[in-house]
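S.K.: Pasting query20.cif below, which is mmCIF, C-alpha atoms.
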```cif
data_structure
#
loop_
_atom_site.label_atom_id
_atom_site.label_comp_id
_atom_site.auth_asym_id
_atom_site.auth_seq_id
_atom_site.Cartn_x
_atom_site.Cartn_y
_atom_site.Cartn_z
CA MET S 92 -2.31 32.01 -31.53
CA PRO S 93 -3.05 31.43 -27.84
CA PRO S 94 -2.13 28.04 -26.40
CA ARG S 95 -5.01 25.58 -26.62
CA SER S 96 -3.78 22.92 -24.21
CA TRP S 97 -2.15 23.75 -20.87
CA LEU S 98 -0.62 20.66 -19.24
CA PHE S 99 0.33 20.52 -15.57
CA VAL S 100 3.51 18.55 -14.86
CA PRO S 101 4.74 17.93 -11.29
CA GLY S 102 7.87 19.95 -10.65
CA ASP S 103 9.45 17.24 -8.52
CA SER S 104 9.24 14.50 -11.16
CA ASP S 105 12.30 14.39 -13.39
CA LYS S 106 10.70 11.54 -15.34
CA LYS S 107 7.47 13.40 -16.12
CA LEU S 108 9.32 16.60 -16.93
CA GLY S 109 11.45 14.60 -19.34
CA LYS S 110 8.36 13.50 -21.23
CA ALA S 111 6.61 16.89 -21.23
CA MET S 112 8.01 18.03 -24.56
CA THR S 113 6.61 14.99 -26.37
CA THR S 114 3.00 15.37 -25.21
CA GLY S 115 1.94 17.86 -27.88
CA ALA S 116 0.82 20.38 -25.26
CA HIS S 117 0.91 23.98 -26.40
CA ALA S 118 1.91 25.11 -22.90
CA VAL S 119 3.53 23.11 -20.11
CA ILE S 120 2.98 24.32 -16.54
CA VAL S 121 5.68 23.05 -14.20
CA ASP S 122 3.78 22.76 -10.94
CA LEU S 123 5.44 23.82 -7.69
CA GLU S 124 2.17 24.06 -5.77
CA ASP S 125 -0.39 21.29 -5.23
CA ALA S 126 1.57 18.53 -6.99
CA VAL S 127 4.63 18.93 -4.76
CA ALA S 128 4.87 18.03 -1.07
CA PRO S 129 6.36 20.75 1.18
CA ALA S 130 9.58 18.83 1.79
CA ALA S 131 10.12 18.36 -1.95
CA LYS S 132 9.63 22.00 -2.97
CA PRO S 133 13.31 23.12 -2.75
CA GLN S 134 14.43 20.35 -5.10
CA ALA S 135 11.39 20.92 -7.35
CA ARG S 136 12.43 24.54 -7.84
CA ILE S 137 15.84 23.43 -9.05
CA LEU S 138 14.37 20.83 -11.39
CA ALA S 139 11.94 23.42 -12.74
CA ARG S 140 14.71 25.96 -13.32
CA ASP S 141 16.89 23.44 -15.13
CA TRP S 142 14.01 22.18 -17.28
CA LEU S 143 13.07 25.73 -18.25
CA ALA S 144 16.65 26.55 -19.17
CA ILE S 145 17.22 23.39 -21.20
CA HIS S 146 14.08 23.91 -23.27
CA ARG S 147 14.30 27.67 -23.62
CA GLN S 148 14.95 27.47 -27.35
CA HIS S 149 13.21 24.16 -27.99
CA VAL S 150 10.92 23.99 -31.00
CA THR S 151 8.49 21.12 -31.52
CA GLU S 152 6.94 20.67 -34.96
CA ASN S 153 8.20 24.14 -35.93
CA ARG S 154 6.25 25.68 -33.06
CA PRO S 155 7.61 27.02 -29.79
CA LEU S 156 6.14 25.42 -26.70
CA ALA S 157 5.19 27.85 -23.93
CA ARG S 158 7.01 27.13 -20.65
CA TRP S 159 5.10 28.17 -17.54
CA VAL S 160 5.51 27.65 -13.80
CA ARG S 161 2.78 27.48 -11.18
CA ILE S 162 4.26 29.04 -8.07
CA ASN S 163 2.83 28.76 -4.58
CA ALA S 164 0.09 31.10 -3.42
CA ILE S 165 0.84 34.45 -1.80
CA GLU S 166 -0.57 33.30 1.53
CA THR S 167 2.02 30.50 1.81
CA GLY S 168 5.01 32.83 1.87
CA LEU S 169 6.80 30.46 -0.53
CA TRP S 170 6.20 32.32 -3.77
CA ARG S 171 9.25 34.60 -3.54
CA GLU S 172 11.53 31.60 -3.07
CA ASP S 173 9.89 29.95 -6.08
CA LEU S 174 10.49 32.99 -8.27
CA ALA S 175 14.03 33.56 -7.02
CA VAL S 176 15.02 30.13 -8.33
CA VAL S 177 12.90 29.58 -11.46
CA MET S 178 13.34 33.01 -13.04
CA ALA S 179 16.91 32.02 -13.90
CA GLY S 180 15.32 29.59 -16.37
CA ALA S 181 13.45 32.43 -18.12
CA PRO S 182 9.88 31.05 -18.00
CA ASP S 183 7.40 32.45 -20.49
CA GLY S 184 4.94 32.96 -17.68
CA VAL S 185 3.95 32.36 -14.09
CA MET S 186 0.63 30.95 -12.94
CA LEU S 187 -0.49 32.46 -9.64
CA PRO S 188 -2.87 30.21 -7.69
CA LYS S 189 -5.54 31.43 -5.27
CA CYS S 190 -5.12 34.94 -6.63
CA GLU S 191 -7.23 37.41 -4.69
CA GLY S 192 -7.26 40.35 -7.07
CA PRO S 193 -5.11 42.87 -8.94
CA ASP S 194 -3.06 43.82 -5.87
CA GLN S 195 -1.56 40.33 -5.77
CA ILE S 196 -0.85 40.50 -9.51
CA ARG S 197 1.04 43.76 -8.97
CA MET S 198 2.98 42.27 -6.06
CA VAL S 199 4.15 39.34 -8.15
CA ALA S 200 4.81 41.58 -11.17
CA ALA S 201 7.11 43.81 -9.09
CA GLU S 202 9.10 40.79 -7.93
CA ILE S 203 9.32 39.46 -11.48
CA TYR S 204 10.58 42.84 -12.69
CA GLU S 205 13.48 42.76 -10.23
CA LEU S 206 14.35 39.19 -11.18
CA GLU S 207 14.21 39.96 -14.90
CA GLN S 208 16.82 42.66 -14.31
CA ARG S 209 18.96 40.33 -12.20
CA ASN S 210 18.84 37.55 -14.79
CA ARG S 211 19.22 39.89 -17.80
CA LEU S 212 15.83 39.03 -19.23
CA PRO S 213 13.82 41.45 -21.37
CA ASN S 214 11.61 43.69 -19.28
CA GLY S 215 8.01 42.47 -19.43
CA ALA S 216 8.86 39.14 -21.05
CA THR S 217 7.37 37.09 -18.20
CA LYS S 218 3.58 37.02 -18.18
CA ILE S 219 1.15 36.15 -15.38
CA LEU S 220 -1.90 33.88 -15.52
CA PRO S 221 -3.92 34.01 -12.28
CA LEU S 222 -6.18 31.25 -11.02
CA VAL S 223 -9.10 33.38 -9.89
CA SER S 224 -11.51 31.00 -8.20
CA GLU S 225 -9.89 28.84 -5.58
CA THR S 226 -11.18 30.75 -2.56
CA ALA S 227 -14.49 32.53 -2.08
CA ARG S 228 -12.66 35.86 -1.87
CA SER S 229 -10.69 35.27 -5.05
CA ALA S 230 -13.89 34.41 -6.91
CA LEU S 231 -15.53 37.65 -5.78
CA THR S 232 -12.60 39.75 -7.06
CA ILE S 233 -12.90 38.64 -10.70
CA PRO S 234 -14.73 41.79 -11.94
CA SER S 235 -12.04 44.00 -10.38
CA TYR S 236 -9.56 42.95 -13.08
CA VAL S 237 -11.50 44.75 -15.82
CA ASP S 238 -10.33 48.33 -15.25
CA GLU S 239 -6.92 47.68 -13.70
CA PRO S 240 -3.81 48.21 -15.89
CA MET S 241 -1.81 44.97 -15.70
CA PRO S 242 0.57 44.71 -18.66
CA ARG S 243 1.84 41.28 -17.62
CA LEU S 244 -1.64 39.75 -17.47
CA ALA S 245 -1.83 37.03 -20.12
CA GLY S 246 -5.34 35.86 -19.28
CA LEU S 247 -7.50 34.34 -16.58
CA THR S 248 -8.21 30.77 -15.63
CA TRP S 249 -10.19 29.09 -12.89
CA GLY S 250 -10.49 25.86 -10.96
CA ALA S 251 -13.21 24.06 -9.06
CA GLU S 252 -11.41 21.62 -6.76
CA ASP S 253 -10.08 23.98 -4.09
CA LEU S 254 -13.24 26.08 -4.07
CA SER S 255 -15.49 23.07 -3.54
CA ALA S 256 -13.47 22.22 -0.43
CA VAL S 257 -13.67 25.81 0.82
CA LEU S 258 -17.43 25.86 0.31
CA GLY S 259 -17.93 22.40 1.73
CA ALA S 260 -19.77 21.55 -1.48
CA SER S 261 -20.56 17.90 -1.97
CA ARG S 262 -20.96 18.38 -5.72
CA LYS S 263 -19.69 20.62 -8.49
CA ARG S 264 -21.95 19.36 -11.26
CA ASP S 265 -25.61 18.42 -11.30
CA ALA S 266 -27.09 15.10 -12.41
CA ALA S 267 -26.93 16.18 -16.06
CA GLY S 268 -23.23 17.02 -15.79
CA ALA S 269 -23.66 20.80 -15.87
CA TRP S 270 -21.81 23.04 -13.43
CA THR S 271 -23.87 24.02 -10.39
CA ASP S 272 -24.62 27.70 -9.77
CA ALA S 273 -21.47 28.90 -7.95
CA PHE S 274 -19.11 27.26 -10.42
CA ARG S 275 -21.13 28.34 -13.46
CA PHE S 276 -21.11 31.91 -12.12
CA ILE S 277 -17.32 31.90 -11.74
CA ARG S 278 -16.75 30.32 -15.15
CA ALA S 279 -18.90 32.95 -16.86
CA GLN S 280 -17.12 35.81 -15.08
CA CYS S 281 -13.72 34.39 -15.99
CA LEU S 282 -14.76 34.23 -19.64
CA LEU S 283 -16.31 37.70 -19.74
CA VAL S 284 -13.51 39.48 -17.90
CA SER S 285 -10.84 37.80 -20.05
CA HIS S 286 -12.49 39.05 -23.22
CA ALA S 287 -13.06 42.49 -21.69
CA LYS S 288 -9.30 42.68 -21.07
CA GLY S 289 -8.43 41.31 -24.50
CA ALA S 290 -6.69 38.41 -22.73
CA TRP S 291 -6.76 34.62 -22.96
CA ALA S 292 -9.69 32.81 -21.36
CA VAL S 293 -8.50 29.39 -20.20
CA ASP S 294 -11.15 26.94 -19.03
CA THR S 295 -10.60 24.65 -16.08
CA LEU S 296 -9.54 21.02 -16.30
CA TYR S 297 -11.72 17.94 -16.58
CA ASP S 298 -10.77 15.95 -13.51
CA ASP S 299 -11.30 12.36 -14.73
CA PHE S 300 -8.53 11.93 -17.31
CA ARG S 301 -9.59 8.33 -17.95
CA ASP S 302 -12.95 9.56 -19.28
CA GLU S 303 -12.01 10.53 -22.82
CA ASN S 304 -15.59 11.31 -23.82
CA GLY S 305 -16.00 13.55 -20.80
CA THR S 306 -12.80 15.42 -21.63
CA ARG S 307 -13.95 15.79 -25.23
CA ARG S 308 -17.36 17.16 -24.22
CA ALA S 309 -15.76 19.61 -21.80
CA ALA S 310 -13.22 20.82 -24.38
CA GLU S 311 -15.81 21.19 -27.12
CA ALA S 312 -18.07 23.12 -24.76
CA ALA S 313 -15.17 25.38 -23.75
CA LYS S 314 -14.40 26.25 -27.35
CA ALA S 315 -18.06 26.75 -28.21
CA ASP S 316 -18.49 29.11 -25.26
CA GLY S 317 -15.55 31.28 -26.27
CA PHE S 318 -12.59 30.03 -24.24
CA THR S 319 -9.22 30.11 -25.99
CA GLY S 320 -7.80 27.03 -24.26
CA MET S 321 -8.18 24.51 -21.46
CA LEU S 322 -6.13 23.07 -18.61
CA ALA S 323 -5.09 19.40 -18.59
CA ILE S 324 -3.88 17.15 -15.78
CA HIS S 325 -2.72 14.20 -17.88
CA PRO S 326 -0.96 13.87 -21.25
CA SER S 327 -3.83 11.74 -22.58
CA GLN S 328 -6.07 14.81 -22.45
CA VAL S 329 -3.79 16.94 -24.61
CA PRO S 330 -4.65 15.59 -28.09
CA ILE S 331 -8.36 15.68 -27.22
CA ILE S 332 -8.15 19.34 -26.20
CA ASN S 333 -6.01 20.27 -29.20
CA ALA S 334 -8.49 18.63 -31.57
CA ALA S 335 -11.49 20.26 -29.93
CA PHE S 336 -10.00 23.76 -30.18
CA ALA S 337 -8.57 23.34 -33.68
CA PRO S 338 -10.55 25.25 -36.31
CA THR S 339 -12.37 23.12 -38.86
CA GLU S 340 -11.78 23.47 -42.59
CA GLU S 341 -15.17 25.15 -42.88
CA GLU S 342 -14.33 27.66 -40.14
CA LEU S 343 -11.01 28.48 -41.78
CA ALA S 344 -12.58 28.89 -45.20
CA GLU S 345 -15.25 31.22 -43.81
CA ALA S 346 -12.66 33.25 -41.91
CA HIS S 347 -10.58 33.71 -45.06
CA ALA S 348 -13.69 34.72 -46.99
CA ILE S 349 -14.75 37.30 -44.39
CA VAL S 350 -11.28 38.84 -44.22
CA ALA S 351 -11.13 39.01 -48.02
CA LEU S 352 -14.62 40.53 -48.17
CA PHE S 353 -13.71 43.38 -45.82
CA SER S 354 -10.34 43.87 -47.53
CA ALA S 355 -12.22 44.44 -50.78
CA ASN S 356 -14.60 46.85 -49.01
CA PRO S 357 -12.36 48.66 -46.49
CA HIS S 358 -14.84 51.41 -45.66
CA ALA S 359 -17.83 49.16 -45.03
CA GLY S 360 -19.13 48.53 -41.53
CA THR S 361 -21.54 45.75 -42.46
CA LEU S 362 -21.49 43.41 -45.43
CA GLN S 363 -23.47 40.45 -46.72
CA TYR S 364 -21.90 37.01 -46.70
CA ASN S 365 -23.75 33.86 -47.77
CA GLY S 366 -27.13 35.38 -47.11
CA ARG S 367 -26.34 36.85 -43.67
CA MET S 368 -24.95 40.11 -42.40
CA VAL S 369 -21.41 40.27 -41.03
CA ASP S 370 -19.82 43.24 -39.28
CA GLN S 371 -16.68 44.24 -37.40
CA PRO S 372 -17.03 41.65 -34.59
CA HIS S 373 -17.20 38.93 -37.26
CA LEU S 374 -14.07 40.38 -38.86
CA ARG S 375 -12.23 40.40 -35.54
CA MET S 376 -13.20 36.79 -34.88
CA ALA S 377 -12.05 35.78 -38.37
CA ARG S 378 -8.69 37.51 -37.97
CA GLN S 379 -8.19 35.93 -34.54
CA LEU S 380 -8.97 32.49 -35.93
CA LEU S 381 -6.39 32.98 -38.64
CA GLY S 382 -3.82 34.32 -36.19
CA ILE S 383 -3.44 37.67 -37.94
CA GLY S 384 -4.34 39.93 -34.99
#
```
Using structure tokens, write down the structure from this file.

M.R.:
Amino acid sequence: MPPRSWLFVPGDSDKKLGKAMTTGAHAVIVDLEDAVAPAAKPQARILARDWLAIHRQHVTENRPLARWVRINAIETGLWREDLAVVMAGAPDGVMLPKCEGPDQIRMVAAEIYELEQRNRLPNGATKILPLVSETARSALTIPSYVDEPMPRLAGLTWGAEDLSAVLGASRKRDAAGAWTDAFRFIRAQCLLVSHAKGAWAVDTLYDDFRDENGTRRAAEAAKADGFTGMLAIHPSQVPIINAAFAPTEEELAEAHAIVALFSANPHAGTLQYNGRMVDQPHLRMARQLLGIG
């Protein structure tokens, strides 16, 4: 099953990293970018590497927790130094901020390949999750991911904070709380391209972690729209996101029934279930919900 909750943890905070495993997050993203001041980045890399290594085999509630690192953007020139240090900790994946298309994915993938060899890690074990919206150029490259072969691509995610500053936008949502046009456009493309690639679609964070109802509405909307998970900036958001993305008993029962129905009729393309027609897309959704591929 794809991770539902993706929690950012500052890479320079030993205290917050120490608590990360107890938050219930499905994926922890050790942040070396925005959360860390330039002078603190060298020490943050070391803390990140050590945390990754310590928790490499950690299992919480009989479930492995995904260990990710957000490196610095290509344009900063710091990303190679980030990877050179943290890859020794064998992260499950790398988040690439301000990603401006498949060429940058390939650049990072080539560096990761070399570091996997150097650290005796399985080839291809380290995945990449790009943030595809933080500059105007990066947002315009989203459709280009569809036809490009990128075996390390785990999914796509997006963010609104950096882009709003780039655009000089004084708002991201309208009076009713809905995303305004530019952000809605990016969110929809992120969702569509992720599914076109058969990859995870991870919705952006809800920026006011004190607003539990707002986080809940955002998470429920993300699940309803087809996202597989959501970013979080505070541990208090994690249980809300996990609950919102968890399948209900009714959804699980229906998924089991649809899988059983097609198993009993393996040559059928369309079948009737509870007075409505179900076909192969319904079967795929049911299997995905049950985690059976």

S.K.: Can you spell out as a compact mmCIF listing (two decimals) with C-alpha atoms, in the coordinates of the input the set of residues that the PyMOL selection byres ((chain S and resi 224) around 7) selects in the structure I just provided?

M.R.:
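The new file out19.txt reads:
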```txt
# COMPACT_ATOMS: atom_id res chain seq x y z
CA LYS S 189 -5.54 31.43 -5.27
CA LEU S 222 -6.18 31.25 -11.02
CA VAL S 223 -9.10 33.38 -9.89
CA GLU S 225 -9.89 28.84 -5.58
CA THR S 226 -11.18 30.75 -2.56
CA ALA S 227 -14.49 32.53 -2.08
CA SER S 229 -10.69 35.27 -5.05
CA ALA S 230 -13.89 34.41 -6.91
CA TRP S 249 -10.19 29.09 -12.89
CA GLY S 250 -10.49 25.86 -10.96
CA LEU S 254 -13.24 26.08 -4.07
CA ILE S 277 -17.32 31.90 -11.74
```

S.K.: Return the single residue from S:Pro213, S:Ala157, S:Arg228, S:Ala348 that is closest to Ala116 of chain S, with distances computed using all atoms listed in the file.

M.R.: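 Looking only at the distances to Ala116 of chain S, the closest residue turns out to be S:Ala157.
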
S.K.: What does the distance from atom CA of Thr248 of chain S to atom CA of Ile219 of chain S come to in Å, to one decimal?

M.R.: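 Atom CA of Thr248 of chain S sits 10.8 Å away from atom CA of Ile219 of chain S.
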
S.K.: Could you state which residues are captured by the PyMOL selection byres ((chain S and resi 310) around 10) in this file, as a PyMOL selection string?

M.R.: chain S and resi 95-96+294-297+304-309+311-316+318+320-322+328+331-336

S.K.: Work out how far apart atom CA of Glu341 of chain S and atom CA of Thr361 of chain S are and give it in Å to one decimal.

M.R.: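 Distance between the two atoms: 21.6 Å.
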
S.K.: Just so the selection is clear, what residues does the PyMOL selection byres ((chain S and resi 109) around 12) cover here, as a list in words?

M.R.: Val100, Pro101, Gly102, Asp103, Ser104, Asp105, Lys106, Lys107, Leu108, Lys110, Ala111, Met112, Thr113, Thr114, Val119, Val121, Leu138, Ala139, Asp141, Trp142, Leu143, Ile145 and His146 of chain S

S.K.: Can you tell me how far atom CA of Gln280 of chain S sits from atom CA of Pro193 of chain S, in Å to one decimal?

M.R.: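 Interatomic distance, atom CA of Gln280 of chain S to atom CA of Pro193 of chain S: 15.2 Å.
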
S.K.: For the point (-7.5, 30.9, -29.3) in the file's frame, write as a list in words all residues with an atom no more than 6 Å away, counting all atoms listed in the file.

M.R.: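 Every residue inside that radius is included here: Met92, Pro93 and Thr319 of chain S.
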
S.K.: Hey, which bits of segment 305-358 of chain S sit within 10 Å of segment 362-376 of chain S, and for each residue what's the closest pair of atoms and how far apart in Å (one decimal), counting only C-alpha atoms, rows by chain and increasing number, as a Markdown table?

M.R.:
```
| residue | atom | partner | partner_atom | distance |
| --- | --- | --- | --- | --- |
| S:Glu345 | CA | S:Tyr364 | CA | 9.3 |
| S:Ala346 | CA | S:Leu374 | CA | 7.9 |
| S:His347 | CA | S:Leu374 | CA | 9.8 |
| S:Ala348 | CA | S:Tyr364 | CA | 8.5 |
| S:Ile349 | CA | S:Leu374 | CA | 6.4 |
| S:Val350 | CA | S:Leu374 | CA | 6.2 |
| S:Ala351 | CA | S:Leu374 | CA | 9.7 |
| S:Leu352 | CA | S:Leu362 | CA | 7.9 |
| S:Phe353 | CA | S:Leu374 | CA | 7.6 |
| S:Asn356 | CA | S:Leu362 | CA | 8.5 |
```

S.K.: When you count all atoms listed in the file, which of these residues is closest to Ala287 of chain S: S:Thr339, S:Pro330, S:Ile233, S:Trp270?

M.R.: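 For Ala287 of chain S, the nearest of the given residues is S:Ile233.
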
S.K.: Set the distance at 8 Å and use all atoms listed in the file: which residues neighbour Arg147 of chain S once local chain neighbours fewer than 2 positions away are removed? I'd like the list as a ChimeraX atom specification.

M.R.: /S:143-145,149,158,180-182

S.K.: Which residues are near Leu174 of chain S? Cut-off 10 Å, all atoms listed in the file, ignore same chain within fewer than 5 positions. Put them as an NGL selection string.

M.R.: :S and (136 or 140 or 160-163 or 169 or 179 or 182 or 185 or 199 or 202-203 or 206)

S.K.: Any chance you could export the current selection's C-alpha atoms as a compact mmCIF listing (two decimals), in the coordinates of the input?

M.R.:
```txt
# COMPACT_ATOMS: atom_id res chain seq x y z
CA ARG S 136 12.43 24.54 -7.84
CA ARG S 140 14.71 25.96 -13.32
CA VAL S 160 5.51 27.65 -13.80
CA ARG S 161 2.78 27.48 -11.18
CA ILE S 162 4.26 29.04 -8.07
CA ASN S 163 2.83 28.76 -4.58
CA LEU S 169 6.80 30.46 -0.53
CA ALA S 179 16.91 32.02 -13.90
CA PRO S 182 9.88 31.05 -18.00
CA VAL S 185 3.95 32.36 -14.09
CA VAL S 199 4.15 39.34 -8.15
CA GLU S 202 9.10 40.79 -7.93
CA ILE S 203 9.32 39.46 -11.48
CA LEU S 206 14.35 39.19 -11.18
```

S.K.: Mind listing whatever residues come within 9 Å of the point (-3.8, 39.7, -16.8)? Use all atoms listed in the file, file coordinates, and give them as a PyMOL selection string.

M.R.: chain S and resi 193+196+218-221+236+240-247+285+288+290-291
